[in-house]
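Novice: Here's a structure for you.
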Amino acid sequence: LEQEEAGLRKRLAQRAEELTAIRKSAATALSQAVQEALAFLDMPKVRFEVAVKDSAEFGAFGRDEVEFLLSANPGEPVGPMVRIASGGELSRIMLAIRSVLNERYGVPTAIYDEVDTGISGRTARKVGIKLAAIAGDTQVICVTHAAQLAACAFHQYRIAKKEENGRTQTEVLLLDYEERIGELARIMGGSVTDATLSAAKELRLRVEGDSE
């Protein structure tokens, strides 16, 4: 029995080493792909790395500890992503990771809540383009207050609360084209005017032109 145990431990160690080698190779490729996605999302100076470290104990998935590392500013060393990234940065980083992984390990539905936190303008539009690309293979639900993101969606819904019989009700409405332009105008300017309506129409035309 001791000989059999020794043989099994040796085989286990060999298989764990093979798995570690595969993980380290995949970590390098993932790091590079996420770095490129972050550059597209206007985070070119952020360094992202996937660290694969040896663990003292064997587990169900081998003998590795995998951690995402990040450096948010040039000249700073990388550290655990969960402790370094701000809310807005974390949203875009997770979007970059998901956009890369979705090409191989797609999920049926992806939900992004306030992915526009801390961003606006050109960056928000790029986030919208990335979300639309993911939506080519996956159902994407995005809760947003950014017109640039909402304009990129295939379908837009308005979520509103109202009081009815003393209780608060939540209403979700699918918008047609005119309603959508009006909602985009309201998001952009706070009120619907000729100027905001014109800007909303231009925004939608630009998105439609990009998708053709």
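Each chain in the structure tokens gets a letter, A, B and so on, in the order shown; residues start at 1 in every chain, and ligands are counted from 1 in the order they appear.
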Using backbone DSSP assignments, extract all alpha helix (DSSP H) residues from stretch 12-102 of chain A; output them as a ChimeraX atom specification.
Specialist: /A:12-40,81-84,87-101
Novice: Pick out the residues sitting within 9 Å of A:Ala13, and hand them over as a list of chain:residue names; count only C-alpha atoms, and ignore anything fewer than 3 positions along from it in its own chain.
Specialist: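 The residues that qualify are A:Leu8, A:Arg9, A:Lys10, A:Ala16, A:Glu17, A:Glu18, A:Phe58, A:Gly62, A:Arg63.
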Novice: In terms of the shortest atom-to-atom distance over only C-alpha atoms, which of A:Ala153, A:Ala85, A:Val46, A:Ile119 is closest to A:Ala135?
Specialist: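 The answer is A:Ala153, which sits nearest to A:Ala135.
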Novice: Expressed in Å to a single decimal, how great is the separation between atom CA of A:Ala39 and atom CA of A:Thr123?
Specialist: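 Value for the atom CA of A:Ala39-atom CA of A:Thr123 distance: 10.7 Å.
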Novice: Between atom CA of A:Gly87 and atom CA of A:Cys142, what is the spacing in Å?
Specialist: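 It comes out at 16.1 Å.
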Novice: Which parts of chain A does DSSP call strand (DSSP E) when run on the backbone here, written out as a ChimeraX atom specification?
Specialist: /A:47-59,62-71,79-80,109-113,139-143,157-164,167-174
Novice: Do you know which residues are at most 10 Å from A:Asp176 counting only C-alpha atoms, after dropping those on the same chain fewer than 4 positions away, and could you put them as a list in words?
Specialist: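 Residues meeting the cut-off are His155, Gln156, Tyr157, Arg180, Ile181 and Gly182 of chain A.
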Novice: With N, CA, C and O atoms retained, could you export that selection as a compact mmCIF listing (two decimals), in the first residue's frame?
Specialist:
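After the write, result-v8.txt holds the following:
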# COMPACT_ATOMS: atom_id res chain seq x y z
N HIS A 155 -31.40 46.98 -28.55
CA HIS A 155 -32.72 47.34 -28.02
C HIS A 155 -32.50 48.17 -26.76
O HIS A 155 -31.60 47.89 -25.97
N GLN A 156 -33.36 49.17 -26.56
CA GLN A 156 -33.22 50.03 -25.39
C GLN A 156 -34.52 50.03 -24.60
O GLN A 156 -35.60 50.18 -25.16
N TYR A 157 -34.37 49.87 -23.29
CA TYR A 157 -35.52 49.88 -22.39
C TYR A 157 -35.38 51.06 -21.41
O TYR A 157 -34.27 51.42 -21.02
N ARG A 180 -36.82 56.25 -28.26
CA ARG A 180 -35.40 56.05 -27.95
C ARG A 180 -34.62 57.36 -28.15
O ARG A 180 -33.78 57.71 -27.32
N ILE A 181 -34.89 58.06 -29.23
CA ILE A 181 -34.22 59.34 -29.47
C ILE A 181 -34.54 60.31 -28.34
O ILE A 181 -33.67 61.04 -27.84
N GLY A 182 -35.80 60.32 -27.92
CA GLY A 182 -36.21 61.20 -26.82
C GLY A 182 -35.51 60.86 -25.52
O GLY A 182 -35.07 61.75 -24.77
Novice: What lies within 7 Å of A:Phe68 using only C-alpha atoms, ignoring chain neighbours under 4 positions off, as an MDAnalysis selection string?
Specialist: chainID A and resid 49:51 80:81
Novice: Just to be explicit: take each residue in the selection above, keep all heavy atoms, and write the result as a short mmCIF file (atom, residue, chain, number, x, y, z; two decimals), in the first residue's frame.
Specialist:
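Final output, out.cif:
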data_model
loop_
_atom_site.label_atom_id
_atom_site.label_comp_id
_atom_site.auth_asym_id
_atom_site.auth_seq_id
_atom_site.Cartn_x
_atom_site.Cartn_y
_atom_site.Cartn_z
N GLU A 49 -1.57 41.59 -15.33
CA GLU A 49 -0.84 40.32 -15.38
C GLU A 49 -1.64 39.23 -14.68
O GLU A 49 -2.34 39.49 -13.70
CB GLU A 49 0.53 40.45 -14.71
CG GLU A 49 1.49 41.42 -15.39
CD GLU A 49 2.83 41.51 -14.67
OE1 GLU A 49 3.05 40.69 -13.74
OE2 GLU A 49 3.63 42.39 -15.03
N VAL A 50 -1.50 38.02 -15.19
CA VAL A 50 -2.08 36.85 -14.54
C VAL A 50 -0.93 36.08 -13.89
O VAL A 50 -0.04 35.60 -14.59
CB VAL A 50 -2.84 35.96 -15.53
CG1 VAL A 50 -3.45 34.76 -14.80
CG2 VAL A 50 -3.92 36.75 -16.26
N ALA A 51 -0.93 36.00 -12.58
CA ALA A 51 0.14 35.32 -11.86
C ALA A 51 -0.28 33.90 -11.49
O ALA A 51 -1.37 33.69 -10.95
CB ALA A 51 0.50 36.09 -10.59
N PRO A 80 -2.40 42.97 -6.22
CA PRO A 80 -3.71 42.33 -6.39
C PRO A 80 -4.75 43.30 -6.95
O PRO A 80 -4.92 44.39 -6.41
CB PRO A 80 -4.08 41.87 -4.97
CG PRO A 80 -2.75 41.72 -4.28
CD PRO A 80 -1.87 42.79 -4.85
N MET A 81 -5.41 42.91 -8.01
CA MET A 81 -6.36 43.78 -8.70
C MET A 81 -7.48 44.23 -7.77
O MET A 81 -7.91 45.38 -7.82
CB MET A 81 -6.95 43.05 -9.91
CG MET A 81 -7.91 43.89 -10.74
SD MET A 81 -8.55 43.00 -12.17
CE MET A 81 -9.71 41.89 -11.37
#
Novice: Just how far from atom CA of A:Lys130 is atom CA of A:Arg204, in Å to one decimal?
Specialist: 16.1 Å
Novice: Could you tell me which of A:Glu202, A:Met188, A:Ala124, A:Ala37 comes closest to A:Leu101 if we count only C-alpha atoms?
Specialist: A:Ala37
Novice: Residues within 7 Å of A:Ile159, please, as a PyMOL selection string. Count only C-alpha atoms; anything in the same chain fewer than 2 positions from it doesn't count.
Specialist: chain A and resi 157+170-173
Novice: Under the rule that only C-alpha atoms are counted, which of A:Glu103, A:Gly88, A:Val78, A:Gln139 is the nearest residue to A:Val115?
Specialist: A:Gly88
Novice: Can you list, as a list in words, every protein, DNA or RNA residue that comes within 8 Å of A:Ala150 when you count only C-alpha atoms, leaving out same-chain residues fewer than 4 positions away?
Specialist: Gly128, Thr144, His145, Ala146, Gln156 and Leu184 of chain A
Novice: Would you mind exporting the chosen residues as a compact mmCIF listing (two decimals), in the first residue's frame, restricted to all heavy atoms?
Specialist:
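New file part.txt:
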# COMPACT_ATOMS: atom_id res chain seq x y z
N GLY A 128 -19.20 51.11 -25.18
CA GLY A 128 -20.41 50.70 -25.89
C GLY A 128 -20.09 49.83 -27.09
O GLY A 128 -20.78 48.84 -27.36
N THR A 144 -27.34 51.43 -17.58
CA THR A 144 -26.43 52.56 -17.78
C THR A 144 -27.16 53.89 -17.74
O THR A 144 -28.36 53.97 -18.01
CB THR A 144 -25.69 52.42 -19.13
OG1 THR A 144 -24.80 53.52 -19.28
CG2 THR A 144 -26.67 52.42 -20.29
N HIS A 145 -26.40 54.94 -17.40
CA HIS A 145 -26.91 56.31 -17.48
C HIS A 145 -26.14 57.09 -18.53
O HIS A 145 -26.27 58.32 -18.61
CB HIS A 145 -26.76 57.00 -16.12
CG HIS A 145 -27.62 56.41 -15.04
ND1 HIS A 145 -28.98 56.60 -14.99
CD2 HIS A 145 -27.32 55.62 -13.98
CE1 HIS A 145 -29.49 55.97 -13.94
NE2 HIS A 145 -28.49 55.36 -13.32
N ALA A 146 -25.33 56.40 -19.33
CA ALA A 146 -24.52 57.06 -20.36
C ALA A 146 -25.19 56.91 -21.72
O ALA A 146 -25.45 55.79 -22.17
CB ALA A 146 -23.11 56.47 -20.39
N GLN A 156 -33.36 49.17 -26.56
CA GLN A 156 -33.22 50.03 -25.39
C GLN A 156 -34.52 50.03 -24.60
O GLN A 156 -35.60 50.18 -25.16
CB GLN A 156 -32.85 51.46 -25.80
CG GLN A 156 -32.60 52.38 -24.62
CD GLN A 156 -32.14 53.76 -25.07
OE1 GLN A 156 -31.67 53.94 -26.18
NE2 GLN A 156 -32.28 54.75 -24.20
N LEU A 184 -32.58 59.24 -25.20
CA LEU A 184 -31.17 59.59 -25.34
C LEU A 184 -30.97 61.09 -25.14
O LEU A 184 -30.01 61.52 -24.50
CB LEU A 184 -30.65 59.17 -26.72
CG LEU A 184 -30.49 57.67 -26.97
CD1 LEU A 184 -30.11 57.41 -28.43
CD2 LEU A 184 -29.43 57.07 -26.05
Novice: Fewer than 3 positions away in the same chain doesn't count, so skip those; otherwise give me all residues within 10 Å of A:Leu38, counting only C-alpha atoms, as a PyMOL selection string.
Specialist: chain A and resi 32-35+41-48+89+92-97
